[in-house]
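Engineer: Shown below is the structure under consideration.
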Amino acid sequence: MESKKKFKPDPSLKLMDQVREVLRYHHYAYRTEQTYCEWIKRYLKFYDYKKHPQEMGAAEVERYLSHLATSGKVAASTQRQALNAIIFLYREVLDIELGDISPMRSKKQRHPPTVLTQTEVQQVLRNMEGTHRLMAQLLYGCGLRLMECIRLRIQDVDFGQGRIFVRGGKGGKDRTVVLPESVRLALAEHVEKVKLLHEADLRAGFGEVYIPEALARKYPNACCETGWQYVFPSKNRSTDPRSGKEMRHHVMESGLQKAVKTAVRKAGIAKRAGCHTLRHSYATHLLENGVNIRMVQELMGHADVKTTEIYTHVMSKDLDAVRSPLDLL
């Protein structure tokens with residue numbers, strides 16, 4: 001069987017431009033492109049840009065990654081992200097196999113997730129309004145990750161079946177979650193407003209939205225279709241960094257993050273809570289209400305049930321049954 005021909009970047013381009021060319025050829029998300037490029041730059045800066053990465057190898061990569069663990073005190077996931085970016089540089093861009101790399105590993109610490117009680121969730125939502133409140137309701141009501149909510153498309157919401165289809169979640173996995181009945185009307189009204197906004201964009205000669213390149217080639221007009229528009233679009237159009245076209249992107253995640261943090265503070269909750277806390281609370285409350293852990297695993301999009309099991313450690317239903325020995329004296 002013939003091996004697949006490897007894509008080679010344009011040798012006339014500068015190194016970082018070659019990296020971007022290969023990332024885009026493999027359809028990596030723009031956010032991943034930014035992250036990988038940043039780590040590669042940090043790697044080169046660590047050696048003061050004195051050598052081209054072709055002149056370096058596994059020993060230099062090990063030294064840099066060990067530095068991140070010992071001096072940088074980065075988390076294990078951060079060190080792994082840096083490793084993935086550098087391996088991509090060597091394997092996909094420079095066509096060099098590094099072989100075994102054994103850096104000093106960052107310690108992987110697993111902390112029990114911060115979880116809000118149902119009363120606390122109500123207090124947080126009560127201190128929010130408008131679109132941010134609707135988005136927070138979806139984070140908690142569907143167990144969505146922040147970017148899964150931000151990147152929702154109109155066609156991903158099925159009001160008839162009461163479902164939300166999460167496309168390309170963490171690890172590139174798709175999943176289906178239940179659309180809460182209590183938020184259905186508000187979400188439907190919001191989507192109608194988004195449709196009107198899209199129609200106005202079309203009349204103004206715009207109306208395009210980013211869609212994956214492979215789909216854009218197969219369906220040239222899909223970028224202007226209503227179904228592909230983001231459920232939570234930005235107020236203003238902006239220039240797409242890849243195509244250079246003026247489009248309407250989704251809202252920035254920082255707005256929702258700030259709104260949730262403000263609501264937590266106004267509610268007088270002393271816990272360190274944010275957007276992801278609402279997702280943690282969703283999973284914990286499902287388990288407390290007797291939902292099978294395998295079903296919770298599916299709804300959360302976890303690859304391994306062990307990831308879901310961490311929520312069993314913070315279930316108040318189990319903890320409430322425990323009596324302190326002090327109370328038995």
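Lettering and numbering for the structure tokens are positional, with chains as A, B, ... in the shown order, residues counted from 1 in each chain, and ligands counted from 1 in the shown order.
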Please tabulate, as CSV, the residues of region 91-162 of chain A that come within 12 Å of region 71-86 of chain A, each with its closest pair of atoms and the distance in Å to one decimal, counting only C-alpha atoms and ordering rows by chain, then residue number upward.

Structural biologist:
residue,atom,partner,partner_atom,distance
A:Arg91,CA,A:Ile86,CA,8.6
A:Glu92,CA,A:Ile86,CA,9.9
A:Val93,CA,A:Ile86,CA,10.0
A:Leu94,CA,A:Ile86,CA,10.6
A:Ile96,CA,A:Ile86,CA,11.1
A:Glu97,CA,A:Ile86,CA,11.2
A:Leu98,CA,A:Ile86,CA,9.8
A:Ile101,CA,A:Leu83,CA,9.4
A:Ser102,CA,A:Leu83,CA,10.8
A:Pro103,CA,A:Gln79,CA,9.8
A:Met104,CA,A:Gln79,CA,10.0
A:Arg105,CA,A:Ala76,CA,7.1
A:Ser106,CA,A:Ala76,CA,4.7
A:Lys107,CA,A:Ala76,CA,6.0
A:Lys108,CA,A:Ala76,CA,5.3
A:Gln109,CA,A:Ala76,CA,8.1
A:Arg110,CA,A:Ala76,CA,10.5

Engineer: How about saving the chosen residues, C-alpha atoms kept, as a PDB file, in the first residue's frame?

Structural biologist:
ATOM      1  CA  ARG A  91       7.657  16.281  12.390  1.00  0.00           C
ATOM      2  CA  GLU A  92       5.248  18.178  10.128  1.00  0.00           C
ATOM      3  CA  VAL A  93       7.218  21.286   9.148  1.00  0.00           C
ATOM      4  CA  LEU A  94      10.894  20.249   9.214  1.00  0.00           C
ATOM      5  CA  ILE A  96      12.543  15.500  11.417  1.00  0.00           C
ATOM      6  CA  GLU A  97      11.784  12.701  13.876  1.00  0.00           C
ATOM      7  CA  LEU A  98      13.035  13.624  17.345  1.00  0.00           C
ATOM      8  CA  ILE A 101      12.139  12.689  24.637  1.00  0.00           C
ATOM      9  CA  SER A 102      12.247  12.339  28.435  1.00  0.00           C
ATOM     10  CA  PRO A 103      12.163  15.768  30.060  1.00  0.00           C
ATOM     11  CA  MET A 104      11.649  16.474  33.738  1.00  0.00           C
ATOM     12  CA  ARG A 105       7.882  16.122  34.040  1.00  0.00           C
ATOM     13  CA  SER A 106       5.588  18.652  35.665  1.00  0.00           C
ATOM     14  CA  LYS A 107       3.662  17.148  38.537  1.00  0.00           C
ATOM     15  CA  LYS A 108       0.116  16.316  37.595  1.00  0.00           C
ATOM     16  CA  GLN A 109      -2.107  17.418  40.434  1.00  0.00           C
ATOM     17  CA  ARG A 110      -5.785  16.591  40.434  1.00  0.00           C
TER      18      ARG A 110
END

Engineer: Select from region 49-241 of chain A everything DSSP, run on the backbone, classes as strand (DSSP E), then give the selection as a ChimeraX atom specification.

Structural biologist: /A:157-158,163-166,175-178,238-239

Engineer: Which residue out of A:Glu225, A:Asp95, A:Asp304, A:Glu148 has the minimum interatomic distance to Lys170 (chain A) when only C-alpha atoms are used?

Structural biologist: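 Closest residue, counting only C-alpha atoms: A:Glu148.
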
Engineer: Could you tell me which of A:Gly171, A:Gly130, A:Pro180, A:Gly57 comes closest to Gly301 (chain A) if we count only C-alpha atoms?

Structural biologist: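 The closest residue to Gly301 (chain A) is A:Gly171.
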
Engineer: Give me the residues near region 281-296 of chain A as an NGL selection string, where near means some atom within 7 Å (using only C-alpha atoms) and where sequence neighbours in that chain fewer than 4 positions away do not count.

Structural biologist: :A and (115-116 or 140-141 or 143 or 277 or 300 or 305 or 311 or 315 or 317)

Engineer: Output C-alpha atoms for every residue in that selection, as an mmCIF file, in the first residue's frame.

Structural biologist:
data_model
loop_
_atom_site.group_PDB
_atom_site.id
_atom_site.type_symbol
_atom_site.label_atom_id
_atom_site.label_comp_id
_atom_site.auth_asym_id
_atom_site.auth_seq_id
_atom_site.Cartn_x
_atom_site.Cartn_y
_atom_site.Cartn_z
ATOM 1 C CA VAL A 115 -19.056 23.045 42.547
ATOM 2 C CA LEU A 116 -21.929 25.405 43.303
ATOM 3 C CA TYR A 140 -25.160 24.974 33.461
ATOM 4 C CA GLY A 141 -28.265 23.512 31.796
ATOM 5 C CA GLY A 143 -22.908 21.131 30.701
ATOM 6 C CA THR A 277 -17.736 25.832 37.485
ATOM 7 C CA MET A 300 -20.035 15.597 29.370
ATOM 8 C CA VAL A 305 -15.357 7.346 32.891
ATOM 9 C CA TYR A 311 -17.520 14.419 40.533
ATOM 10 C CA MET A 315 -21.447 14.972 45.768
ATOM 11 C CA LYS A 317 -25.699 13.550 48.697
#

Engineer: Find the residues near Leu152 (chain A): any atom within 10 Å, counting only C-alpha atoms, skip ones fewer than 5 places away on the same chain, and give them as a ChimeraX atom specification.

Structural biologist: /A:147,157,164-167,228-233,250

Engineer: Select from region 133-166 of chain A every residue with an atom at most 12 Å from any atom of region 267-274 of chain A, then for each give the shortest pair of atoms and their distance in Å to one decimal, using only C-alpha atoms, rows by chain and rising number, as JSON lines.

Structural biologist:
{"residue": "A:Ala136", "atom": "CA", "partner": "A:Gly274", "partner_atom": "CA", "distance": 10.1}
{"residue": "A:Leu139", "atom": "CA", "partner": "A:Gly274", "partner_atom": "CA", "distance": 10.7}
{"residue": "A:Tyr140", "atom": "CA", "partner": "A:Gly274", "partner_atom": "CA", "distance": 11.3}
{"residue": "A:Arg145", "atom": "CA", "partner": "A:Gly274", "partner_atom": "CA", "distance": 11.3}
{"residue": "A:Leu146", "atom": "CA", "partner": "A:Gly274", "partner_atom": "CA", "distance": 10.0}

Engineer: Write a file of the selected residues as an mmCIF file, in the first residue's frame, keeping C-alpha atoms.

Structural biologist:
data_model
loop_
_atom_site.group_PDB
_atom_site.id
_atom_site.type_symbol
_atom_site.label_atom_id
_atom_site.label_comp_id
_atom_site.auth_asym_id
_atom_site.auth_seq_id
_atom_site.Cartn_x
_atom_site.Cartn_y
_atom_site.Cartn_z
ATOM 1 C CA ALA A 136 -24.718 30.965 31.440
ATOM 2 C CA LEU A 139 -23.359 26.303 30.392
ATOM 3 C CA TYR A 140 -25.160 24.974 33.461
ATOM 4 C CA ARG A 145 -17.641 24.108 27.881
ATOM 5 C CA LEU A 146 -17.151 27.845 27.402
#

Engineer: Could you find all residues in region 76-174 of chain A that DSSP calls alpha helix (DSSP H) from the backbone, and write them as number ranges by chain?

Structural biologist: A: 76-88, 118-126, 130-142, 146-150

Engineer: Which neighbours of region 37-49 of chain A fall inside 12 Å, counting only C-alpha atoms, when residues of the same chain fewer than 6 positions from it are skipped, and could you give them as number ranges by chain?

Structural biologist: A: 15-23, 28, 30-31, 55-57, 60-68, 78-90, 93

Engineer: Output the selection as a short mmCIF file (atom, residue, chain, number, x, y, z; two decimals), in the first residue's frame - N, CA and C atoms for each residue.

Structural biologist:
data_model
loop_
_atom_site.label_atom_id
_atom_site.label_comp_id
_atom_site.auth_asym_id
_atom_site.auth_seq_id
_atom_site.Cartn_x
_atom_site.Cartn_y
_atom_site.Cartn_z
N LEU A 15 10.33 30.71 8.66
CA LEU A 15 9.97 29.51 9.43
C LEU A 15 8.54 29.59 9.98
N MET A 16 8.18 30.70 10.66
CA MET A 16 6.86 30.78 11.27
C MET A 16 5.76 30.81 10.21
N ASP A 17 6.05 31.35 9.04
CA ASP A 17 5.07 31.32 7.95
C ASP A 17 4.89 29.89 7.43
N GLN A 18 5.98 29.13 7.44
CA GLN A 18 5.89 27.71 7.06
C GLN A 18 5.03 26.95 8.06
N VAL A 19 5.22 27.25 9.34
CA VAL A 19 4.43 26.60 10.39
C VAL A 19 2.95 26.88 10.16
N ARG A 20 2.60 28.14 9.92
CA ARG A 20 1.20 28.51 9.69
C ARG A 20 0.64 27.83 8.44
N GLU A 21 1.47 27.74 7.40
CA GLU A 21 1.02 27.10 6.15
C GLU A 21 0.65 25.63 6.40
N VAL A 22 1.48 24.92 7.16
CA VAL A 22 1.22 23.50 7.43
C VAL A 22 0.01 23.34 8.35
N LEU A 23 -0.10 24.20 9.36
CA LEU A 23 -1.25 24.15 10.27
C LEU A 23 -2.55 24.34 9.50
N TYR A 28 -6.12 22.98 11.18
CA TYR A 28 -6.11 23.23 12.62
C TYR A 28 -6.92 24.50 12.91
N TYR A 30 -7.96 28.09 14.35
CA TYR A 30 -7.14 29.31 14.41
C TYR A 30 -6.55 29.50 15.81
N ARG A 31 -7.33 29.15 16.83
CA ARG A 31 -6.83 29.26 18.21
C ARG A 31 -5.64 28.33 18.43
N GLU A 55 19.13 22.68 13.48
CA GLU A 55 20.46 22.45 14.08
C GLU A 55 20.34 21.96 15.52
N MET A 56 19.11 21.88 16.02
CA MET A 56 18.88 21.39 17.37
C MET A 56 18.09 20.08 17.29
N GLY A 57 17.96 19.43 18.42
CA GLY A 57 17.27 18.14 18.40
C GLY A 57 16.66 17.79 19.74
N GLU A 60 17.97 19.49 23.06
CA GLU A 60 17.55 20.88 23.28
C GLU A 60 16.07 20.95 23.66
N VAL A 61 15.26 20.08 23.05
CA VAL A 61 13.83 20.06 23.37
C VAL A 61 13.63 19.60 24.82
N GLU A 62 14.36 18.57 25.21
CA GLU A 62 14.29 18.07 26.59
C GLU A 62 14.67 19.15 27.59
N ARG A 63 15.74 19.87 27.28
CA ARG A 63 16.22 20.92 28.18
C ARG A 63 15.16 22.01 28.35
N TYR A 64 14.54 22.41 27.24
CA TYR A 64 13.53 23.46 27.29
C TYR A 64 12.31 23.01 28.09
N LEU A 65 11.83 21.80 27.82
CA LEU A 65 10.65 21.29 28.52
C LEU A 65 10.93 21.09 30.01
N SER A 66 12.14 20.67 30.34
CA SER A 66 12.53 20.53 31.75
C SER A 66 12.56 21.89 32.44
N HIS A 67 13.01 22.89 31.69
CA HIS A 67 13.02 24.27 32.22
C HIS A 67 11.60 24.73 32.55
N LEU A 68 10.64 24.38 31.69
CA LEU A 68 9.25 24.76 31.95
C LEU A 68 8.75 24.15 33.24
N THR A 78 0.12 22.10 30.49
CA THR A 78 0.81 23.17 29.77
C THR A 78 2.10 22.64 29.15
N GLN A 79 2.83 21.84 29.91
CA GLN A 79 4.06 21.26 29.39
C GLN A 79 3.76 20.34 28.21
N ARG A 80 2.67 19.59 28.30
CA ARG A 80 2.29 18.68 27.21
C ARG A 80 1.90 19.47 25.96
N GLN A 81 1.25 20.61 26.16
CA GLN A 81 0.88 21.47 25.03
C GLN A 81 2.12 22.00 24.31
N ALA A 82 3.13 22.41 25.10
CA ALA A 82 4.39 22.89 24.53
C ALA A 82 5.08 21.76 23.75
N LEU A 83 5.07 20.56 24.31
CA LEU A 83 5.67 19.40 23.65
C LEU A 83 4.98 19.12 22.31
N ASN A 84 3.64 19.16 22.31
CA ASN A 84 2.89 18.91 21.08
C ASN A 84 3.23 19.92 19.99
N ALA A 85 3.37 21.19 20.39
CA ALA A 85 3.69 22.24 19.42
C ALA A 85 5.07 22.03 18.82
N ILE A 86 6.05 21.68 19.66
CA ILE A 86 7.43 21.51 19.18
C ILE A 86 7.55 20.26 18.33
N ILE A 87 6.87 19.19 18.72
CA ILE A 87 6.88 17.97 17.91
C ILE A 87 6.26 18.24 16.54
N PHE A 88 5.18 19.06 16.53
CA PHE A 88 4.56 19.43 15.25
C PHE A 88 5.57 20.16 14.37
N LEU A 89 6.33 21.07 14.96
CA LEU A 89 7.34 21.82 14.22
C LEU A 89 8.33 20.87 13.54
N TYR A 90 8.85 19.93 14.31
CA TYR A 90 9.88 19.03 13.77
C TYR A 90 9.30 18.01 12.80
N VAL A 93 6.66 20.15 9.89
CA VAL A 93 7.22 21.29 9.15
C VAL A 93 8.63 20.99 8.66
#

Engineer: Quick one: distance from CA of Ala303 (chain A) to CA of Gly169 (chain A) in Å, one decimal?

Structural biologist: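 Computing it gives 11.4 Å between the two atoms.
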
Engineer: When you draw a straight line from CA of Leu179 (chain A) to CA of Phe159 (chain A), how long is it in Å?

Structural biologist: 7.9 Å

Engineer: Closest to Arg279 (chain A) among A:Ser182, A:Ser238, A:Thr114, A:Thr262, using only C-alpha atoms?

Structural biologist: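 Residue with the minimum atom-to-atom distance to Arg279 (chain A): A:Thr114.
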